[in-house]
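One structure is given here, and the rest of the page talks about it.
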Amino acid sequence: MTNERTLKRPEVLAPAGTLEKLKTAIHYGADAVYIGGNAYGLRSRAGNFTKEDMIEGVAFAKEHGAKVYVAANMVTHEGNQEGAGDFFREIRDVGISAVIVSDPALIEICASEAPGLPIHLSTQASATNYETLEFWKNEGLERVVLAREVSMEEVAEIRKNTDVEIEAFIHGAMCISYSGRCTLSNHMSMRDANRGGCSQSCRWKYELYDMPFGGERTSLTDKGEVEEEFSMSAVDMAMIQHIPELIQNGVDSFKIEGRMKSIHYVSTVANVYKKAVDTYMEDPENYECKQEWIDELWKVAQRELSTGFYYHVPTDEEQLFGERRKIPQYKFIGEVMAYDEATKVATIRQRNHFSVGDEIEFYGPGFNHFHQTVEVMYNEEGESIDRAPNPMMILTMPVAQPVAVGDMIRKKK
């Protein structure tokens, strides 16, 4: 049973590790993006934004009716808070729509020293019940990003008991620990996961040993007792088949993980979830999840997919062991820079090697797709070439259907 409140249109929130990814995500349907500033974030290698990048990104977002949030969700140690007030005031004045924070010290600094900048609670704070959401509401926060460990049943219960905005992860990598509360990276590589340096040690391969008391250790892998090296790696989340339930249970923002992922990933995933949300909101009664949306997500999946904690506590079935049952079949090979309607020729910037004779797929915003075979292509000098081997080279080729600037091209592996 749906009512007026549960049928609120959710925001599709995409990751943007760089300015290019920000523009790509919004071009492909994201209603909002989240980025890292040059301080206080949890992805120190995600191409964090300078002030100039933020200004350009915010201007682009406003032009397209989208929002930009900044993740400042690190756990601060003594002294880390220095300069935080200036940082929050700077991003407020740039026009950032909200800051995502987990540390109470940073929340207090932001609220007192940068009034007017909305604060969202990060998933790092592990909010799992409505009493917690009410607490943060009373502290002045307008949105809470739920812990990934919250079930769908709990989402429904939380929504019934609080009107704070709910943001929930619906796609992307899952942490093997409890909502990122992990120090494995600290021990294995001396990089602090909770201050932006996670080296994803859980995804490394480990050998298992039998270590009897007082005896010599022996490798279980070498003895054949274990089929492969051991990993603690979790599969990824994909909630594409459960869009109606998420909307009906009052999730305000659908969060996609992946600030370090490619523009191929960002464009594909944003495109799919935007299409699914649009389709549901247009006609909830007759909505059905289309297989082509699921197939599309598999074109950028790096791991197997599951529904995370939404319907049951993950078991070893939600961990990566052995060979992948499904392997990504496509690679990103280029993007459209221009299109001449009269000659039906597209100008393309190459991103990965491809050749005459390859079957390629064009895709664009709004879930527009078509396939064609590369029959001929030309370099910038107008010379016919058989292959495009050089990264970022500009070339032209006739296309079977009209394309637009920003459309992407894939190739089946």
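Ordering of the structure tokens sets the chain letters (A, B, ...), residue numbers begin anew at 1 in every chain, and ligands are numbered from 1 in the order given.
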
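Among the residues of region 37-114 of chain A, backbone DSSP assigns strand (DSSP E or B) to Lys67, Val68, Tyr69, Val70, Ala71, Ala98, Val99, Ile100 and Val101 of chain A.
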
Please identify all polymer residues within 7 Å of Tyr130 (chain A), counting only C-alpha atoms, omitting same-chain residues fewer than 4 positions from it, and present them as a ChimeraX atom specification. /A:134,158,161-162

Report as a list in words all protein, DNA and RNA residues lying within 12 Å of Tyr280 (chain A), evaluated on only C-alpha atoms, omitting residues in the same chain fewer than 4 positions from it.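 Here the answer would be Leu7, Lys8, Arg9, Pro10, Ile240, Gln241, His242, Ile243, Pro244, Glu245, Leu246, Ile247, Gln248, Tyr273, Lys274, Lys275, Ala276, Pro284, Glu285, Asn286, Tyr287, Glu288, Cys289 and Lys290 of chain A.
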
Helix (DSSP H, G or I) residues, from DSSP on the backbone, in region 29-245 of chain A, as number ranges by chain: A: 51-63, 84-94, 104-113, 123-125, 130-138, 152-161, 184-189, 193-195, 201-203, 240-245

Considering only C-alpha atoms, state which residue in the set A:Lys299, A:His120, A:Lys255, A:Arg191 is at the smallest distance from Ile170 (chain A).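 When distances to Ile170 (chain A) are compared using only C-alpha atoms, the smallest one comes from A:Lys255.
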
In terms of only C-alpha atoms, the residue from A:Ala98, A:Ile91, A:Ala342, A:Leu22 at minimal distance from Phe60 (chain A) is A:Leu22

When you count only C-alpha atoms, which of these residues is closest to Glu154 (chain A): A:Val251, A:Ala66, A:Ala71, A:Ile119?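 Smallest separation from Glu154 (chain A) among the options: A:Val251.
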
For Glu149 (chain A), work out the shell of residues within 9 Å, counting only C-alpha atoms and skipping chain neighbours fewer than 4 positions away, then give it as a VMD selection string. chain A and resid 126 128 178 to 179 308 to 310 313

CA of Arg148 (chain A) and CA of Leu121 (chain A) are how many Å apart?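 One can read the CA of Arg148 (chain A) to CA of Leu121 (chain A) distance as 13.2 Å.
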
CA of Met152 (chain A) and CA of Ala234 (chain A) are how many Å apart? 19.5 Å

Give the answer as one residue: which of A:Glu157, A:Ala400, A:Val376, A:Gln329 has the shortest atom-to-atom distance to Lys412 (chain A), using only C-alpha atoms?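 Residue with the minimum atom-to-atom distance to Lys412 (chain A): A:Gln329.
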
May I have the residues within 12 Å of Arg203 (chain A) as a VMD selection string, using only C-alpha atoms and disregarding those fewer than 4 positions away in the same chain? chain A and resid 173 to 177 184 to 185 188 198 to 199 229 to 235 303 319 to 321

Filtering to C-alpha atoms, could you give me those residues as a short mmCIF file (atom, residue, chain, number, x, y, z; two decimals), in the first residue's frame?
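Contents of selection.cif, freshly written:
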```cif
data_model
loop_
_atom_site.label_atom_id
_atom_site.label_comp_id
_atom_site.auth_asym_id
_atom_site.auth_seq_id
_atom_site.Cartn_x
_atom_site.Cartn_y
_atom_site.Cartn_z
CA ALA A 173 31.11 -2.02 -3.40
CA MET A 174 30.38 -3.40 0.05
CA CYS A 175 32.84 -3.14 2.93
CA ILE A 176 33.66 -6.48 4.60
CA SER A 177 33.72 -4.66 7.94
CA LEU A 184 42.98 -3.97 8.69
CA SER A 185 44.55 -1.51 6.25
CA MET A 188 48.69 -4.43 6.75
CA CYS A 198 42.22 2.42 2.94
CA SER A 199 44.28 0.03 0.81
CA GLU A 229 44.13 -18.52 -1.61
CA PHE A 230 41.66 -16.94 0.79
CA SER A 231 40.09 -13.48 0.50
CA MET A 232 37.69 -11.59 2.75
CA SER A 233 36.35 -9.67 -0.24
CA ALA A 234 32.61 -8.90 -0.36
CA VAL A 235 30.55 -8.98 -3.53
CA ARG A 303 32.35 -8.52 -9.01
CA GLN A 319 31.91 -13.27 -0.54
CA LEU A 320 34.24 -13.79 -3.48
CA PHE A 321 35.68 -17.28 -3.64
#
```
